[in-house]
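*Asks:* Contents of start_12.txt (compact mmCIF, C-alpha atoms):
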# COMPACT_ATOMS: atom_id res chain seq x y z
CA VAL C 24 9.51 7.22 -21.32
CA ASN C 25 8.50 8.80 -18.05
CA PRO C 26 9.21 6.77 -14.92
CA VAL C 27 5.87 5.77 -13.51
CA GLY C 28 4.59 5.12 -10.06
CA GLU C 29 1.30 3.41 -9.25
CA GLY C 30 -0.84 2.99 -12.35
CA THR C 31 0.47 5.24 -15.13
CA ARG C 32 1.19 8.42 -13.18
CA PRO C 33 4.77 9.72 -12.88
CA ALA C 34 6.57 8.48 -9.78
CA ARG C 35 6.50 11.10 -7.00
CA VAL C 36 9.82 12.12 -5.46
CA LEU C 37 10.06 14.27 -2.34
CA VAL C 38 13.33 16.20 -2.08
CA VAL C 39 14.13 17.48 1.42
CA ASP C 40 17.03 19.89 1.96
CA ASP C 41 17.45 23.19 3.77
CA THR C 42 19.79 24.52 1.07
CA PRO C 43 17.82 26.01 -1.86
CA HIS C 44 20.60 25.29 -4.37
CA ASN C 45 20.61 21.58 -3.48
CA VAL C 46 16.83 21.38 -3.69
CA LYS C 47 16.77 23.05 -7.11
CA LEU C 48 19.56 20.86 -8.45
CA LEU C 49 17.89 17.60 -7.45
CA ALA C 50 14.43 18.78 -8.46
CA ASP C 51 15.64 19.87 -11.90
CA LEU C 52 17.57 16.64 -12.53
CA LEU C 53 14.65 14.44 -11.55
CA SER C 54 12.00 16.52 -13.33
CA VAL C 55 13.92 16.25 -16.61
CA LYS C 56 13.81 12.47 -16.22
CA GLY C 57 10.03 12.54 -15.91
CA TYR C 58 9.55 12.31 -12.15
CA ALA C 59 6.94 14.43 -10.34
CA VAL C 60 9.02 16.31 -7.78
CA THR C 61 7.87 18.06 -4.62
CA THR C 62 10.23 19.74 -2.16
CA ALA C 63 10.53 20.56 1.53
CA VAL C 64 13.07 22.77 3.31
CA ASN C 65 13.02 21.08 6.71
CA GLY C 66 11.98 17.92 8.50
CA GLU C 67 8.65 19.23 9.79
CA GLU C 68 7.55 20.28 6.30
CA ALA C 69 8.71 16.94 4.91
CA LEU C 70 6.55 14.98 7.37
CA ALA C 71 3.55 17.20 6.58
CA LYS C 72 3.95 16.66 2.83
CA VAL C 73 4.35 12.91 3.22
CA ALA C 74 1.11 12.82 5.22
CA ALA C 75 -0.77 15.03 2.73
CA GLU C 76 0.37 13.27 -0.45
CA PRO C 77 2.60 10.24 0.09
CA PRO C 78 5.55 10.17 -2.33
CA ASP C 79 7.02 7.06 -3.90
CA ILE C 80 10.51 7.88 -2.63
CA VAL C 81 12.18 10.48 -0.38
CA LEU C 82 15.61 12.06 -0.89
CA LEU C 83 16.44 13.33 2.57
CA ASP C 84 19.29 15.61 3.60
CA VAL C 85 20.96 14.51 6.83
CA MET C 86 22.00 17.86 8.33
CA MET C 87 19.03 20.20 8.73
CA PRO C 88 17.93 22.63 11.46
CA GLY C 89 15.19 21.30 13.71
CA LEU C 90 14.54 17.70 12.80
CA SER C 91 17.57 16.04 11.27
CA GLY C 92 17.31 13.61 8.41
CA TYR C 93 17.81 10.77 10.89
CA ALA C 94 14.90 11.97 13.04
CA VAL C 95 12.62 12.29 10.01
CA CYS C 96 13.60 8.82 8.86
CA GLU C 97 12.87 7.34 12.29
CA ARG C 98 9.43 8.97 12.41
CA LEU C 99 8.54 7.69 8.96
CA ARG C 100 9.62 4.19 9.91
CA ALA C 101 7.55 4.33 13.11
CA ASP C 102 4.37 5.03 11.13
CA PRO C 103 2.79 1.87 9.62
CA GLN C 104 1.63 3.92 6.62
CA THR C 105 5.20 4.91 5.71
CA ALA C 106 7.20 2.07 7.24
CA LEU C 107 8.19 0.78 3.78
CA LEU C 108 8.54 4.14 2.03
CA PRO C 109 11.93 4.20 0.23
CA ILE C 110 14.26 6.75 1.85
CA VAL C 111 17.64 7.85 0.51
CA LEU C 112 19.81 9.87 2.90
CA VAL C 113 21.89 12.54 1.18
CA THR C 114 25.01 13.67 3.05
CA SER C 115 28.27 15.53 2.66
CA LEU C 116 29.62 13.97 5.86
CA ASP C 117 31.84 10.90 6.14
CA PRO C 118 29.78 8.25 4.32
CA GLN C 119 31.12 5.37 6.44
CA GLN C 120 30.10 6.93 9.75
CA GLU C 121 26.81 8.23 8.38
CA ARG C 122 25.93 4.88 6.85
CA VAL C 123 25.78 3.19 10.26
CA LYS C 124 23.60 5.97 11.70
CA GLY C 125 21.41 5.92 8.61
CA ILE C 126 20.90 2.16 8.77
CA ASP C 127 19.95 2.48 12.44
CA ALA C 128 17.43 5.18 11.50
CA GLY C 129 15.93 2.97 8.79
CA ALA C 130 17.35 4.45 5.58
CA ASP C 131 17.28 2.28 2.45
CA ASP C 132 20.20 3.88 0.62
CA PHE C 133 22.70 6.74 0.64
CA LEU C 134 24.00 9.43 -1.69
CA SER C 135 27.08 11.53 -1.12
CA LYS C 136 27.37 15.20 -1.98
CA PRO C 137 28.25 16.44 -4.52
CA ILE C 138 25.64 14.35 -6.30
CA ASN C 139 26.79 11.91 -8.95
CA GLN C 140 23.97 11.99 -11.51
CA PRO C 141 24.20 8.40 -12.84
CA GLU C 142 24.33 7.12 -9.26
CA LEU C 143 21.32 9.26 -8.31
CA PHE C 144 19.18 7.91 -11.15
CA ALA C 145 20.32 4.33 -10.60
CA ARG C 146 19.45 4.38 -6.90
CA VAL C 147 16.08 6.03 -7.49
CA ARG C 148 15.16 3.51 -10.19
CA SER C 149 16.27 0.59 -8.03
CA LEU C 150 14.24 1.65 -5.01
CA LEU C 151 11.18 2.43 -7.13
CA ARG C 152 11.32 -1.11 -8.54
CA VAL C 153 11.37 -2.47 -4.98
CA LYS C 154 8.45 -0.24 -4.02
CA ALA C 155 6.47 -1.38 -7.08
CA LEU C 156 6.92 -5.00 -5.96
CA GLN C 157 5.87 -4.13 -2.41
CA ASP C 158 2.79 -2.30 -3.71
CA GLU C 159 1.86 -5.33 -5.81
CA VAL C 160 2.21 -7.63 -2.80
CA ARG C 161 -0.08 -5.31 -0.80
CA ARG C 162 -2.63 -5.25 -3.62
CA GLN C 163 -2.60 -9.04 -3.83
CA ALA C 164 -2.97 -9.30 -0.06
CA ALA C 165 -5.99 -6.97 -0.20
CA VAL C 166 -7.55 -9.08 -2.95
CA LEU C 167 -6.92 -12.26 -0.96
CA GLN C 168 -8.47 -10.69 2.12
CA ARG C 169 -11.55 -9.73 0.09
CA TRP C 170 -11.82 -13.26 -1.32
CA ASN C 171 -11.53 -14.71 2.19
CA ALA C 172 -14.30 -12.41 3.40
CA GLU C 173 -16.53 -13.48 0.49
CA LEU C 174 -15.77 -17.15 1.20
CA GLU C 175 -16.63 -16.72 4.87
CA GLU C 176 -19.91 -15.07 3.89
CA ARG C 177 -20.76 -17.96 1.56
CA VAL C 178 -19.97 -20.47 4.28
CA ARG C 179 -22.25 -18.58 6.68
CA GLU C 180 -25.02 -18.62 4.08
CA GLN C 181 -24.61 -22.37 3.53
CA VAL C 182 -24.64 -23.04 7.27
CA ALA C 183 -27.81 -20.96 7.58
CA GLN C 184 -29.34 -22.90 4.70
CA LEU C 185 -28.53 -26.20 6.40
CA GLU C 186 -30.11 -24.94 9.59
CA ARG C 187 -33.24 -23.94 7.67
CA MET C 188 -33.33 -27.41 6.10
CA GLY C 189 -33.14 -28.96 9.54
CA GLN C 190 -36.06 -26.83 10.67
CA LEU C 191 -38.09 -27.68 7.54
CA LYS C 192 -37.58 -31.42 8.08
CA ARG C 193 -39.40 -31.10 11.37
CA PHE C 194 -42.53 -29.87 9.57
CA PHE C 195 -42.35 -31.56 6.13
CA ALA C 196 -41.56 -34.95 4.76
CA PRO C 197 -37.78 -35.27 4.09
CA SER C 198 -38.24 -35.43 0.31
CA VAL C 199 -40.28 -32.21 0.30
CA ALA C 200 -37.80 -30.38 2.56
CA ASP C 201 -34.86 -31.46 0.40
CA ALA C 202 -36.62 -30.23 -2.73
CA ILE C 203 -37.37 -26.86 -1.14
CA VAL C 204 -33.79 -26.24 0.00
CA SER C 205 -31.89 -27.59 -3.02
CA ALA C 206 -34.03 -25.87 -5.69
CA ALA C 207 -32.12 -23.18 -7.53
CA ASP C 208 -35.27 -21.14 -8.00
CA LYS C 209 -36.53 -20.10 -4.59
CA SER C 210 -39.96 -19.56 -6.10
CA ILE C 211 -40.49 -23.31 -5.65
CA LEU C 212 -41.66 -22.39 -2.18
CA ALA C 213 -44.73 -20.68 -3.59
CA PRO C 214 -46.65 -23.83 -4.73
CA HIS C 215 -46.00 -25.56 -1.43
CA ARG C 216 -47.24 -22.53 0.47
CA ARG C 217 -50.44 -22.50 -1.62
CA GLU C 218 -50.99 -26.23 -1.03
CA ILE C 219 -50.55 -25.75 2.70
CA CYS C 220 -53.08 -22.93 2.67
CA TYR C 221 -55.64 -25.13 0.88
CA VAL C 222 -55.34 -27.97 3.38
Could you show the structure in this file as C-alpha cells?
*Replies:*
Amino acid sequence: VNPVGEGTRPARVLVVDDTPHNVKLLADLLSVKGYAVTTAVNGEEALAKVAAEPPDIVLLDVMMPGLSGYAVCERLRADPQTALLPIVLVTSLDPQQERVKGIDAGADDFLSKPINQPELFARVRSLLRVKALQDEVRRQAAVLQRWNAELEERVREQVAQLERMGQLKRFFAPSVADAIVSAADKSILAPHRREICYV
C-alpha cells in the first residue's frame, strides 16, 4: 500500500543534498516505498521547491554550499506556511553536537549517514503521522471558523429582524406586526400591503 499524504495522493518527500549519489539513494529508497519524491541540490533550490509545491516532509542535508541545512530549516520555521513542516536533518557529522544545533534550528528529527534504511522509513512514517494529525486539526479549525462566521451572520439577520419588528410596531397593531415578522412565508406581507392600499 502506498503511503499517502492529504486525501489519497502519495505523500510528497523533498530530498535536499548537494551530493548526487546521496540524492539518488534516498530518492530510490523512498520511491520504491510509494512516496512521491522531488529533489534539490542546494538550500536555495529547496526553498523554491517548497514554495512552489509544499512537500509533506523534507530530508535535509546539513553540510551544503551556500545555505546550510540549518539555515534552510530556520527559514522554513520562520514562515507561517511551513512552520510545522516536518524536517529531518541528515548528517555525517557528530550526531550529538549536530543534534543541539538542529534542535535550535527547528528540526524535528535526525538521520546519520550512512543511512540505515529501517530507521529512515520509521522516522518518515512517524513524522507523516504527526503531520496528518496537524492537517486534520487545521481542517477542523477551518470548519469551526466557517461555522462561527455562519452563526454570526444568522445572529445579525435575527437582530435586523427584531429591529424591523420594532419599526413595524410603530405603524401596526402589535398582533399584526408579530404575525408579519414571525410568518415563515414572507409572502404574508402581500395581503397586508393590498389592504393598506385599499384604505
*Asks:* Using all atoms listed in the file, which residue out of C:Ala59, C:Leu53, C:Val85, C:Leu107 lies closest to Gln157 in chain C?
*Replies:* C:Leu107
*Asks:* Looking at only C-alpha atoms, which of C:Val64, C:Ile126, C:Ala50, C:Ala34 is the one that sits closest to Pro78 in chain C?
*Replies:*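 For Pro78 in chain C, the nearest of the given residues is C:Ala34.
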*Asks:* Using only C-alpha atoms, can you tell me which of C:Pro103, C:Gln184, C:Leu37, C:Leu151 comes closest to Lys72 in chain C?
*Replies:*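 Among the listed residues, C:Leu37 lies closest to Lys72 in chain C.
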*Asks:* Please return, as a list in words, all polymer residues that have at least one atom within 12 Å of the point (7.8, 21.7, -0.4); use only C-alpha atoms and the file's own coordinate frame.
*Replies:* Val36, Leu37, Val38, Val39, Asp40, Asp41, Pro43, Val46, Lys47, Ala50, Val60, Thr61, Thr62, Ala63, Val64, Asn65, Gly66, Glu67, Glu68, Ala69, Leu70, Ala71, Lys72, Val73, Ala75, Glu76 and Pro78 of chain C
*Asks:* Which one is closest to Ala128 in chain C: C:Ser149, C:Gln163, C:Ser91, C:Gln104? Count only C-alpha atoms.
*Replies:*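 Comparing C:Ser149, C:Gln163, C:Ser91, C:Gln104 against Ala128 in chain C, the winner is C:Ser91.
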*Asks:* Just checking: using only C-alpha atoms, which residue out of C:Asp84, C:Asp79, C:Asp51, C:Asp158 ends up closest to Ser115 in chain C?
*Replies:*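 Closest to Ser115 in chain C, using only C-alpha atoms: C:Asp84.
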*Asks:* Could you please determine the separation between CA of Val153 in chain C and CA of Leu108 in chain C in Å, to one decimal place?
*Replies:* 10.0 Å
